[in-house]
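Enquirer: mmCIF, C-alpha atoms and all ligand atoms, saved as input.cif, coming up:
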data_model
loop_
_atom_site.label_atom_id
_atom_site.label_comp_id
_atom_site.auth_asym_id
_atom_site.auth_seq_id
_atom_site.Cartn_x
_atom_site.Cartn_y
_atom_site.Cartn_z
CA MET A 1 0.00 0.00 0.00
CA THR A 2 1.27 3.44 -0.88
CA GLY A 3 0.41 7.02 0.03
CA GLU A 4 -0.39 8.83 3.28
CA PRO A 5 -3.94 8.48 4.55
CA LEU A 6 -6.22 11.12 3.10
CA LEU A 7 -9.03 10.67 5.57
CA VAL A 8 -8.69 9.18 9.04
CA GLY A 9 -11.43 8.39 11.55
CA ASP A 10 -10.03 7.50 14.93
CA ASP A 11 -11.91 5.85 17.81
CA LEU A 12 -15.26 7.26 16.72
CA HIS A 13 -18.19 7.04 19.11
CA ARG A 14 -21.70 8.20 18.40
CA SER A 15 -24.97 7.40 20.13
CA PHE A 16 -28.53 8.23 19.25
CA GLY A 17 -30.30 8.26 22.60
CA PRO A 18 -29.27 5.16 24.50
CA THR A 19 -28.23 3.18 21.38
CA PRO A 20 -24.56 3.41 20.45
CA ALA A 21 -24.33 3.49 16.65
CA LEU A 22 -20.54 3.76 16.70
CA ALA A 23 -18.50 2.36 19.57
CA GLY A 24 -14.86 3.03 18.81
CA ALA A 25 -14.68 2.74 15.03
CA SER A 26 -11.38 3.55 13.33
CA ILE A 27 -10.70 3.66 9.63
CA SER A 28 -8.22 5.26 7.30
CA VAL A 29 -8.59 5.89 3.61
CA ARG A 30 -5.73 6.58 1.23
CA ALA A 31 -5.94 8.79 -1.83
CA GLY A 32 -7.37 6.98 -4.81
CA GLU A 33 -8.43 3.74 -3.13
CA VAL A 34 -11.88 2.21 -3.33
CA VAL A 35 -12.88 0.87 0.09
CA ALA A 36 -15.97 -1.28 0.54
CA VAL A 37 -17.72 -0.87 3.90
CA MET A 38 -19.81 -3.93 4.71
CA GLY A 39 -21.53 -5.37 7.75
CA PRO A 40 -24.99 -6.24 9.08
CA SER A 41 -27.90 -3.84 8.99
CA GLY A 42 -27.79 -1.41 11.90
CA SER A 43 -24.09 -2.00 12.57
CA GLY A 44 -23.21 1.67 12.04
CA LYS A 45 -22.03 1.88 8.41
CA SER A 46 -24.05 4.94 7.46
CA THR A 47 -23.24 6.65 10.74
CA LEU A 48 -19.54 6.02 10.10
CA LEU A 49 -19.82 7.52 6.63
CA HIS A 50 -21.69 10.56 7.96
CA CYS A 51 -19.08 11.17 10.65
CA LEU A 52 -16.24 10.90 8.13
CA ALA A 53 -18.00 13.30 5.77
CA GLY A 54 -18.60 15.86 8.53
CA ILE A 55 -22.39 15.48 8.33
CA VAL A 56 -22.73 13.94 11.81
CA ARG A 57 -20.55 15.03 14.68
CA PRO A 58 -19.04 12.16 16.67
CA ASP A 59 -19.52 12.21 20.46
CA ARG A 60 -15.92 11.13 20.88
CA GLY A 61 -12.94 10.49 18.62
CA SER A 62 -11.62 12.46 15.69
CA VAL A 63 -11.90 12.78 11.94
CA ARG A 64 -8.91 14.22 10.08
CA TYR A 65 -9.07 15.12 6.41
CA ARG A 66 -5.66 15.91 4.90
CA GLY A 67 -4.39 16.55 8.39
CA THR A 68 -7.18 18.93 9.42
CA GLU A 69 -9.41 17.96 12.31
CA LEU A 70 -12.99 18.43 11.09
CA ALA A 71 -14.19 19.48 14.56
CA THR A 72 -11.94 22.55 14.39
CA LEU A 73 -13.71 23.86 11.27
CA SER A 74 -16.73 26.16 11.44
CA ASP A 75 -20.06 24.91 10.06
CA ALA A 76 -19.45 27.03 6.96
CA GLY A 77 -15.95 25.60 6.64
CA ARG A 78 -17.29 22.06 6.85
CA SER A 79 -19.96 22.66 4.23
CA ALA A 80 -17.44 24.29 1.90
CA LEU A 81 -15.23 21.22 2.35
CA ARG A 82 -18.16 18.94 1.51
CA ARG A 83 -18.99 20.96 -1.59
CA ARG A 84 -15.44 21.22 -2.91
CA GLU A 85 -13.65 18.09 -1.83
CA PHE A 86 -16.34 15.47 -1.32
CA GLY A 87 -18.92 13.87 -3.57
CA PHE A 88 -22.00 11.95 -2.41
CA VAL A 89 -24.10 9.17 -3.90
CA PHE A 90 -27.01 7.61 -2.01
CA GLN A 91 -29.51 4.87 -2.65
CA PHE A 92 -32.28 7.17 -3.86
CA GLY A 93 -33.80 10.60 -3.94
CA GLN A 94 -30.75 12.71 -4.41
CA LEU A 95 -31.59 14.42 -7.67
CA VAL A 96 -33.69 17.59 -7.72
CA PRO A 97 -36.94 16.53 -9.44
CA GLU A 98 -37.64 19.93 -11.02
CA LEU A 99 -34.28 20.13 -12.81
CA THR A 100 -33.22 18.20 -15.89
CA CYS A 101 -30.51 15.57 -15.48
CA LEU A 102 -28.00 17.94 -17.09
CA GLU A 103 -28.97 20.75 -14.70
CA ASN A 104 -28.72 18.35 -11.77
CA VAL A 105 -25.17 17.42 -12.69
CA ALA A 106 -24.27 21.07 -13.31
CA LEU A 107 -25.73 22.14 -9.95
CA PRO A 108 -22.66 21.55 -7.74
CA LEU A 109 -20.62 23.63 -10.19
CA ARG A 110 -23.25 26.40 -10.27
CA LEU A 111 -23.08 26.49 -6.44
CA GLU A 112 -19.36 27.14 -6.87
CA ARG A 113 -20.23 30.03 -9.21
CA VAL A 114 -19.05 28.33 -12.39
CA PRO A 115 -20.84 30.12 -15.30
CA ARG A 116 -23.85 28.22 -16.67
CA ARG A 117 -22.43 27.39 -20.10
CA GLU A 118 -19.19 26.07 -18.68
CA ALA A 119 -21.00 24.15 -15.93
CA GLU A 120 -23.35 22.54 -18.43
CA ARG A 121 -20.54 21.67 -20.79
CA ARG A 122 -18.68 19.86 -18.01
CA ALA A 123 -21.91 18.23 -16.83
CA GLY A 124 -22.53 16.98 -20.36
CA GLU A 125 -19.07 15.42 -20.47
CA TRP A 126 -19.73 13.58 -17.23
CA LEU A 127 -23.10 12.32 -18.42
CA ALA A 128 -21.38 10.93 -21.51
CA ARG A 129 -18.69 9.31 -19.40
CA LEU A 130 -21.36 7.61 -17.31
CA GLU A 131 -23.08 6.45 -20.55
CA VAL A 132 -26.23 8.52 -19.97
CA ALA A 133 -25.72 11.40 -22.40
CA ASP A 134 -29.14 10.60 -23.88
CA VAL A 135 -31.05 11.56 -20.71
CA ALA A 136 -29.51 15.04 -20.37
CA GLY A 137 -32.76 16.86 -21.15
CA LYS A 138 -35.02 14.59 -19.09
CA ARG A 139 -36.14 15.10 -15.52
CA PRO A 140 -35.19 12.50 -12.88
CA GLY A 141 -38.78 11.21 -12.79
CA GLU A 142 -38.53 10.29 -16.47
CA VAL A 143 -35.45 8.06 -16.32
CA SER A 144 -34.92 4.48 -15.08
CA GLY A 145 -33.40 3.71 -11.69
CA GLY A 146 -30.10 2.70 -13.23
CA GLN A 147 -29.92 5.82 -15.38
CA GLY A 148 -30.81 7.99 -12.39
CA GLN A 149 -27.98 6.46 -10.35
CA ARG A 150 -25.51 7.08 -13.16
CA VAL A 151 -26.67 10.69 -13.27
CA ALA A 152 -26.14 10.84 -9.49
CA VAL A 153 -22.62 9.45 -9.90
CA ALA A 154 -21.91 12.09 -12.57
CA ARG A 155 -23.13 14.77 -10.17
CA ALA A 156 -20.92 13.41 -7.38
CA LEU A 157 -17.84 13.45 -9.62
CA VAL A 158 -18.34 16.66 -11.61
CA THR A 159 -16.49 18.87 -9.11
CA GLY A 160 -13.45 16.57 -9.11
CA PRO A 161 -13.80 15.47 -5.47
CA ARG A 162 -10.97 13.76 -3.63
CA VAL A 163 -13.37 11.52 -1.73
CA VAL A 164 -16.66 10.05 -2.91
CA PHE A 165 -19.01 8.78 -0.20
CA ALA A 166 -21.43 6.25 -1.65
CA ASP A 167 -24.05 4.73 0.66
CA GLU A 168 -25.62 1.73 -1.10
CA PRO A 169 -25.52 3.41 -4.50
CA THR A 170 -26.69 0.19 -6.16
CA GLY A 171 -29.10 -0.90 -3.43
CA ALA A 172 -32.24 -0.28 -5.48
CA LEU A 173 -30.97 -1.73 -8.77
CA ASP A 174 -30.99 -5.21 -10.31
CA SER A 175 -27.60 -6.90 -10.53
CA LEU A 176 -26.81 -5.97 -14.12
CA ASN A 177 -27.56 -2.29 -13.58
CA GLY A 178 -26.04 -2.27 -10.14
CA GLU A 179 -22.79 -3.59 -11.49
CA ARG A 180 -22.82 -1.16 -14.37
CA VAL A 181 -23.13 1.76 -11.96
CA MET A 182 -20.35 0.31 -9.84
CA ARG A 183 -18.04 -0.37 -12.77
CA LEU A 184 -18.48 3.20 -14.00
CA LEU A 185 -18.10 4.69 -10.51
CA ALA A 186 -14.95 2.69 -9.75
CA GLY A 187 -13.53 3.36 -13.23
CA ALA A 188 -14.14 7.11 -13.06
CA ALA A 189 -12.73 7.29 -9.54
CA ARG A 190 -9.59 5.43 -10.62
CA GLU A 191 -9.12 7.78 -13.56
CA THR A 192 -9.56 10.95 -11.52
CA GLY A 193 -7.69 9.63 -8.47
CA ALA A 194 -10.67 10.06 -6.14
CA ALA A 195 -10.98 7.77 -3.12
CA VAL A 196 -14.32 6.01 -2.77
CA LEU A 197 -15.93 4.91 0.47
CA LEU A 198 -18.62 2.52 -0.62
CA VAL A 199 -21.25 1.05 1.70
CA THR A 200 -22.81 -2.06 0.18
CA HIS A 201 -24.56 -5.28 1.13
CA GLU A 202 -23.69 -6.92 -2.17
CA PRO A 203 -20.48 -8.90 -2.38
CA ARG A 204 -20.40 -8.59 -6.18
CA VAL A 205 -20.49 -4.80 -5.85
CA ALA A 206 -17.84 -4.91 -3.12
CA ALA A 207 -15.67 -6.90 -5.52
CA TYR A 208 -14.99 -3.65 -7.42
CA SER A 209 -13.17 -2.31 -4.35
CA ASP A 210 -9.50 -2.50 -3.50
CA ARG A 211 -10.16 -3.60 0.07
CA GLU A 212 -12.93 -4.24 2.52
CA VAL A 213 -13.77 -2.93 5.97
CA VAL A 214 -16.42 -4.75 7.99
CA VAL A 215 -18.45 -2.85 10.58
CA ARG A 216 -19.91 -4.92 13.42
CA ASP A 217 -21.55 -3.46 16.52
CA GLY A 218 -20.23 0.00 15.78
CA ARG A 219 -16.64 -1.07 15.26
CA ALA A 220 -14.80 -1.18 11.95
CA ARG A 221 -12.36 -3.91 11.08
CA SER A 222 -10.16 -4.06 8.02
CA LEU A 223 -10.28 -7.68 6.92
CA GLU A 224 -7.07 -7.61 4.94
CA GLN A 225 -5.29 -7.33 8.29
CA VAL A 226 -6.83 -10.59 9.45
CA ALA A 227 -5.79 -12.67 6.51
CA MET B 1 -18.37 -31.19 -17.58
CA SER B 2 -19.19 -33.79 -20.18
CA ILE B 3 -16.45 -33.51 -22.79
CA GLY B 4 -18.17 -36.13 -24.94
CA HIS B 5 -21.41 -34.20 -25.19
CA THR B 6 -19.56 -30.97 -25.81
CA PHE B 7 -17.64 -32.62 -28.66
CA LEU B 8 -20.90 -33.91 -30.11
CA GLY B 9 -22.42 -30.42 -30.00
CA LEU B 10 -19.36 -28.94 -31.70
CA LEU B 11 -19.44 -31.68 -34.35
CA GLU B 12 -23.13 -31.08 -34.93
CA SER B 13 -22.32 -27.51 -35.90
CA SER B 14 -19.72 -28.84 -38.40
CA PRO B 15 -17.45 -31.88 -38.97
CA ARG B 16 -13.91 -31.32 -37.69
CA HIS B 17 -10.51 -32.92 -37.31
CA GLY B 18 -9.46 -33.88 -33.80
CA TYR B 19 -7.09 -30.95 -33.63
CA ASP B 20 -9.78 -28.43 -34.64
CA LEU B 21 -12.12 -29.95 -32.13
CA LYS B 22 -9.59 -29.46 -29.33
CA ARG B 23 -8.97 -25.89 -30.42
CA ALA B 24 -12.68 -25.03 -30.57
CA TYR B 25 -13.22 -26.63 -27.17
CA ASP B 26 -10.28 -24.83 -25.54
CA GLU B 27 -11.27 -21.47 -27.00
CA ARG B 28 -14.85 -21.62 -25.90
CA PHE B 29 -14.93 -23.80 -22.81
CA GLY B 30 -11.40 -24.68 -21.76
CA HIS B 31 -10.40 -21.25 -20.39
CA THR B 32 -8.35 -22.38 -17.44
CA ARG B 33 -8.05 -26.07 -18.31
CA PRO B 34 -7.23 -26.86 -21.95
CA LEU B 35 -7.66 -30.51 -23.00
CA HIS B 36 -4.78 -32.91 -23.49
CA PHE B 37 -4.53 -34.60 -26.87
CA GLY B 38 -4.87 -37.91 -25.04
CA GLN B 39 -8.29 -36.85 -23.72
CA VAL B 40 -9.35 -35.71 -27.16
CA TYR B 41 -8.54 -38.98 -28.88
CA SER B 42 -9.81 -41.22 -26.08
CA THR B 43 -13.11 -39.32 -26.08
CA LEU B 44 -13.38 -39.54 -29.88
CA SER B 45 -12.70 -43.27 -29.90
CA ARG B 46 -15.41 -43.82 -27.26
CA LEU B 47 -17.88 -41.77 -29.33
CA LEU B 48 -16.90 -43.79 -32.42
CA ARG B 49 -17.35 -47.08 -30.58
CA ASN B 50 -20.83 -45.98 -29.43
CA GLY B 51 -21.81 -44.96 -32.95
CA LEU B 52 -22.32 -41.31 -31.99
CA VAL B 53 -19.69 -40.05 -34.45
CA ALA B 54 -18.28 -41.45 -37.67
CA VAL B 55 -15.11 -40.83 -39.62
CA ASP B 56 -16.19 -38.51 -42.37
CA SER B 57 -12.98 -38.48 -44.43
CA VAL B 58 -9.36 -39.53 -44.08
CA GLU B 59 -6.53 -37.60 -45.62
CA PRO B 60 -3.51 -39.51 -46.86
CA GLY B 61 -0.63 -39.84 -44.43
CA GLU B 62 0.03 -41.03 -40.89
CA GLY B 63 -1.43 -40.29 -37.48
CA PRO B 64 -4.84 -39.68 -35.92
CA GLU B 65 -5.04 -36.03 -37.00
CA ARG B 66 -5.73 -37.12 -40.59
CA LYS B 67 -9.26 -38.13 -39.75
CA ARG B 68 -12.21 -35.82 -39.94
CA TYR B 69 -15.15 -36.67 -37.67
CA ALA B 70 -18.87 -36.05 -38.19
CA ILE B 71 -21.82 -36.57 -35.87
CA THR B 72 -24.29 -39.42 -36.58
CA GLU B 73 -28.10 -39.46 -36.18
CA ALA B 74 -27.65 -41.26 -32.85
CA GLY B 75 -25.18 -38.54 -31.83
CA VAL B 76 -27.68 -35.79 -32.59
CA THR B 77 -30.31 -37.60 -30.49
CA ASP B 78 -27.80 -37.87 -27.66
CA VAL B 79 -26.95 -34.13 -27.76
CA GLN B 80 -30.66 -33.34 -27.84
CA ARG B 81 -31.29 -35.48 -24.75
CA TRP B 82 -28.34 -33.95 -22.88
CA LEU B 83 -29.38 -30.36 -23.65
CA SER B 84 -32.99 -30.89 -22.65
CA GLN B 85 -32.23 -32.50 -19.29
CA PRO B 86 -31.66 -30.20 -16.30
CA GLU B 87 -28.41 -30.57 -14.39
CA LYS B 88 -28.62 -31.79 -10.84
CA PRO B 89 -28.31 -28.77 -8.54
CA GLU B 90 -25.44 -29.27 -6.11
CA PRO B 91 -26.33 -27.94 -2.71
CA TYR B 92 -23.00 -28.78 -1.04
CA LEU B 93 -24.78 -29.66 2.19
CA GLN B 94 -21.66 -31.15 3.71
CA SER B 95 -19.64 -28.01 3.30
CA VAL B 96 -16.10 -28.09 4.58
CA LEU B 97 -16.68 -24.54 5.83
CA TYR B 98 -19.53 -25.64 8.03
CA THR B 99 -17.39 -28.44 9.43
CA LYS B 100 -14.57 -26.02 10.21
CA VAL B 101 -16.90 -23.61 12.01
CA VAL B 102 -18.42 -26.33 14.17
CA LEU B 103 -15.00 -27.77 15.01
CA ALA B 104 -13.70 -24.31 15.92
CA LEU B 105 -16.64 -23.85 18.29
CA LEU B 106 -16.20 -27.31 19.79
CA THR B 107 -12.52 -26.65 20.47
CA ASP B 108 -12.99 -23.08 21.74
CA ARG B 109 -11.10 -21.55 18.87
CA PRO B 110 -12.08 -18.12 17.48
CA ALA B 111 -14.70 -19.14 14.91
CA ALA B 112 -15.39 -15.51 14.00
CA ASP B 113 -11.79 -15.08 12.84
CA LEU B 114 -12.04 -18.23 10.78
CA LEU B 115 -15.12 -16.80 9.06
CA ASP B 116 -13.44 -13.45 8.48
CA THR B 117 -10.33 -15.07 7.03
CA GLN B 118 -12.49 -17.09 4.67
CA ARG B 119 -14.52 -14.04 3.79
CA ALA B 120 -11.40 -12.07 2.86
CA GLU B 121 -10.24 -14.97 0.68
CA HIS B 122 -13.59 -15.20 -1.09
CA LEU B 123 -13.64 -11.48 -1.76
CA ARG B 124 -10.05 -11.58 -3.00
CA LEU B 125 -11.01 -14.15 -5.62
CA MET B 126 -14.15 -12.18 -6.46
CA ARG B 127 -11.99 -9.10 -7.10
CA GLU B 128 -9.74 -11.08 -9.41
CA LEU B 129 -12.72 -12.41 -11.37
CA THR B 130 -14.24 -8.92 -11.50
CA ARG B 131 -11.02 -7.55 -13.02
CA ARG B 132 -11.00 -10.36 -15.56
CA LYS B 133 -14.62 -9.69 -16.35
CA THR B 134 -14.06 -5.98 -16.81
CA HIS B 135 -11.48 -6.64 -19.51
CA GLY B 136 -13.08 -9.68 -21.08
CA ASP B 137 -15.50 -10.28 -23.94
CA LEU B 138 -19.09 -11.38 -23.31
CA ALA B 139 -18.18 -15.09 -23.15
CA GLU B 140 -15.52 -14.35 -20.54
CA GLN B 141 -17.97 -12.15 -18.62
CA LEU B 142 -20.57 -14.91 -18.44
CA ILE B 143 -18.07 -17.46 -17.20
CA CYS B 144 -16.78 -15.05 -14.54
CA ASP B 145 -20.34 -14.11 -13.52
CA HIS B 146 -21.20 -17.74 -12.96
CA ALA B 147 -18.28 -18.11 -10.58
CA LEU B 148 -19.02 -14.73 -8.96
CA PHE B 149 -22.63 -15.61 -8.15
CA HIS B 150 -21.51 -18.87 -6.52
CA LEU B 151 -18.84 -17.12 -4.51
CA GLU B 152 -21.36 -14.49 -3.51
CA ALA B 153 -23.71 -17.17 -2.23
CA ASP B 154 -20.91 -18.63 -0.09
CA LEU B 155 -20.04 -15.19 1.16
CA ARG B 156 -23.62 -14.51 2.19
CA TRP B 157 -23.61 -17.79 4.04
CA LEU B 158 -20.42 -16.74 5.83
CA GLU B 159 -22.11 -13.47 6.83
CA LEU B 160 -25.23 -15.15 8.07
CA THR B 161 -23.22 -17.68 10.04
CA ALA B 162 -21.10 -14.92 11.57
CA ALA B 163 -24.29 -13.18 12.68
CA ARG B 164 -25.58 -16.39 14.33
CA LEU B 165 -22.33 -17.65 15.81
CA ASP B 166 -23.40 -17.19 19.44
CA GLU B 167 -26.56 -19.19 18.87
CA LEU B 168 -24.67 -21.88 17.02
CA ALA B 169 -22.05 -22.06 19.78
CA LYS B 170 -24.79 -22.77 22.36
CA GLU B 171 -26.29 -25.48 20.21
CA VAL B 172 -22.98 -27.12 19.40
CA ARG B 173 -21.73 -27.10 22.98
CA ALA B 174 -25.01 -28.23 24.51
N1 LIG C 1 -30.66 9.68 13.09
C1 LIG C 1 -30.79 8.64 13.90
N2 LIG C 1 -31.61 8.67 14.96
C2 LIG C 1 -31.72 7.62 15.79
N3 LIG C 1 -31.06 6.47 15.65
C3 LIG C 1 -30.23 6.36 14.61
C4 LIG C 1 -30.05 7.44 13.68
N4 LIG C 1 -29.16 7.04 12.73
C5 LIG C 1 -28.80 5.77 13.08
N5 LIG C 1 -29.44 5.37 14.19
C6 LIG C 1 -29.25 4.04 14.84
O1 LIG C 1 -27.88 3.77 14.90
C7 LIG C 1 -27.60 2.42 14.58
C8 LIG C 1 -26.69 2.36 13.37
O2 LIG C 1 -27.38 2.88 12.24
P1 LIG C 1 -26.76 3.02 10.79
O3 LIG C 1 -27.77 3.70 9.96
O4 LIG C 1 -25.42 3.64 10.89
O5 LIG C 1 -26.62 1.49 10.38
P2 LIG C 1 -26.23 0.85 8.96
O6 LIG C 1 -25.10 -0.08 9.21
O7 LIG C 1 -26.04 1.92 7.95
O8 LIG C 1 -27.54 -0.02 8.63
P3 LIG C 1 -28.23 -0.37 7.20
O9 LIG C 1 -27.37 -1.43 6.59
O10 LIG C 1 -29.57 -0.92 7.59
O11 LIG C 1 -28.29 0.89 6.40
C9 LIG C 1 -28.96 1.76 14.38
O12 LIG C 1 -29.33 1.15 15.58
C10 LIG C 1 -29.86 2.93 14.06
O13 LIG C 1 -31.19 2.66 14.45
MG MG C 2 -27.11 2.47 6.19
#
If you convert what's in this file into structure tokens, what do you get?

Expert:
Amino acid sequence: MTGEPLLVGDDLHRSFGPTPALAGASISVRAGEVVAVMGPSGSGKSTLLHCLAGIVRPDRGSVRYRGTELATLSDAGRSALRRREFGFVFQFGQLVPELTCLENVALPLRLERVPRREAERRAGEWLARLEVADVAGKRPGEVSGGQGQRVAVARALVTGPRVVFADEPTGALDSLNGERVMRLLAGAARETGAAVLLVTHEPRVAAYSDREVVVRDGRARSLEQVA
Amino acid sequence: MSIGHTFLGLLESSPRHGYDLKRAYDERFGHTRPLHFGQVYSTLSRLLRNGLVAVDSVEPGEGPERKRYAITEAGVTDVQRWLSQPEKPEPYLQSVLYTKVVLALLTDRPAADLLDTQRAEHLRLMRELTRRKTHGDLAEQLICDHALFHLEADLRWLELTAARLDELAKEVRA
């Protein structure tokens, strides 16, 4: 393994009421690697992802991104980091229904004040790369689940993020479409050098990763260290 | 896999010399395990003996590769029967993995680690097949997918067993 860790979560704890969702989870992600996060339902995978992305604040423990402790940033600083350095893909419902697919992909760039024409040109390139150029003018409600997820991946990658957080991006798709999304996501990430943190229940989707971390009872374990 | 039936199917599509038959077999079905010439000629002589193939023409010269083989009526019937019969599903009920888990529990060894080690190994092979699939043609993809779905089933079993290890430990030690 090469490269310094890009993102490090150390001894993360987080409870919701009396239930601990994370109970001392540690993980480190290097630049450009695709890490599959697996484990039973309710074990804390999504909570781990949210803590690492600065969406949820851990009760204890630290998250460092390129050496900066997320807790030391202001709320505005954290959201700027999420907009500029991170990309997100979820299982559903992430596209704005009123906008066309092209406008959806261009949106993160528009939020960074990229002029419309330039933003839409880059968005169009990403749609083509994800093999969904043909749905550019359609609204999310008019495309299939697999197409919608590829649009969502394009939107996550359009700003050139260093880390993509993907929480069950293929969870609602059949295996052929799920794998297509994953192949394109992993391929694009490898080309652009983005790291991917991928939560999935499907071993065949996890097989596109470079390594696997299993979360059980709020603790993360890198299996490659066991073997 | 039934080499004989596969040969018959290939011969039904066109008569071939033994060497061509081996090449066609290896290209399409032999991926990791090409046939030996010995297997090719022993299979052909059995098919000849059973009247499922016939020598279609013989070129002048020496050696078995001079003969061209064609399928017979009986051969076609045999291929038809083979293709229309389902294969017996193999449930692997006496899995070596299951045995290992139970023995680990019986001897107070860390069964969870055993499952994790196996899991990592399964996923490692799945990654390798996924890479092969990504660069392969459709035939290669289908072969890899077949293996991937089986490995995935094993892996799900490993997960489920890991989740029920405490229960299983009680039952085994009772
Ligand atoms: N916002 C929340 N409010 C209350 N409880 C929560 C919240 N988010 C998570 N939890 C609880 O924390 C635990 C871990 O949840 P989390 O969503 O991280 O699990 P997960 O591994 O992603 O599960 P799944 O595979 O089902 O998505 C669960 O017990 C869950 O009910
Ligand atoms: Mg989740």

Enquirer: Counting all atoms listed in the file, name the residues that have an atom within 10 Å of an atom of ligand LIG 1 (chain C); the answer should be given as a ChimeraX atom specification.

Expert: /A:14-22,37-51,56,91,167-168,199-201,214-218

Enquirer: May I ask which of the residues B:Arg49, B:His122, B:His36, B:Lys170 is the closest one to chain A, counting all atoms listed in the file?

Expert: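 Answer, going by the shortest atom-to-atom distance: B:His122.
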
Enquirer: Could you please determine the separation between atom CA of A:Ala76 and atom CA of A:Gln149 in Å, to one decimal place?

Expert: 28.2 Å

Enquirer: Check the smallest atom-to-atom distance from each of A:Arg60, A:Val34, A:Arg83, A:Thr170 to chain B using all atoms listed in the file, then report the winner.

Expert: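 Between A:Arg60, A:Val34, A:Arg83, A:Thr170, the residue approaching chain B most closely is A:Val34.
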
Enquirer: Taking all atoms listed in the file into account, what are the residues of chain A at most 9 Å from chain B, put as a list of chain:residue names?

Expert: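 Filtering chain A at 9 Å from chain B with all atoms listed in the file gives A:Gly39, A:Pro40, A:Arg183, A:Glu202, A:Pro203, A:Arg204, A:Ala206, A:Ala207, A:Tyr208, A:Ser209, A:Asp210, A:Arg211, A:Glu212, A:Leu223, A:Glu224, A:Val226, A:Ala227.
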
Enquirer: Which residues are close to B:Thr6, i.e. within 10 Å by all atoms listed in the file, leaving aside same-chain residues fewer than 4 positions away? Reply as number ranges by chain.

Expert: B: 1-2, 10-12, 21, 25, 29, 79, 82
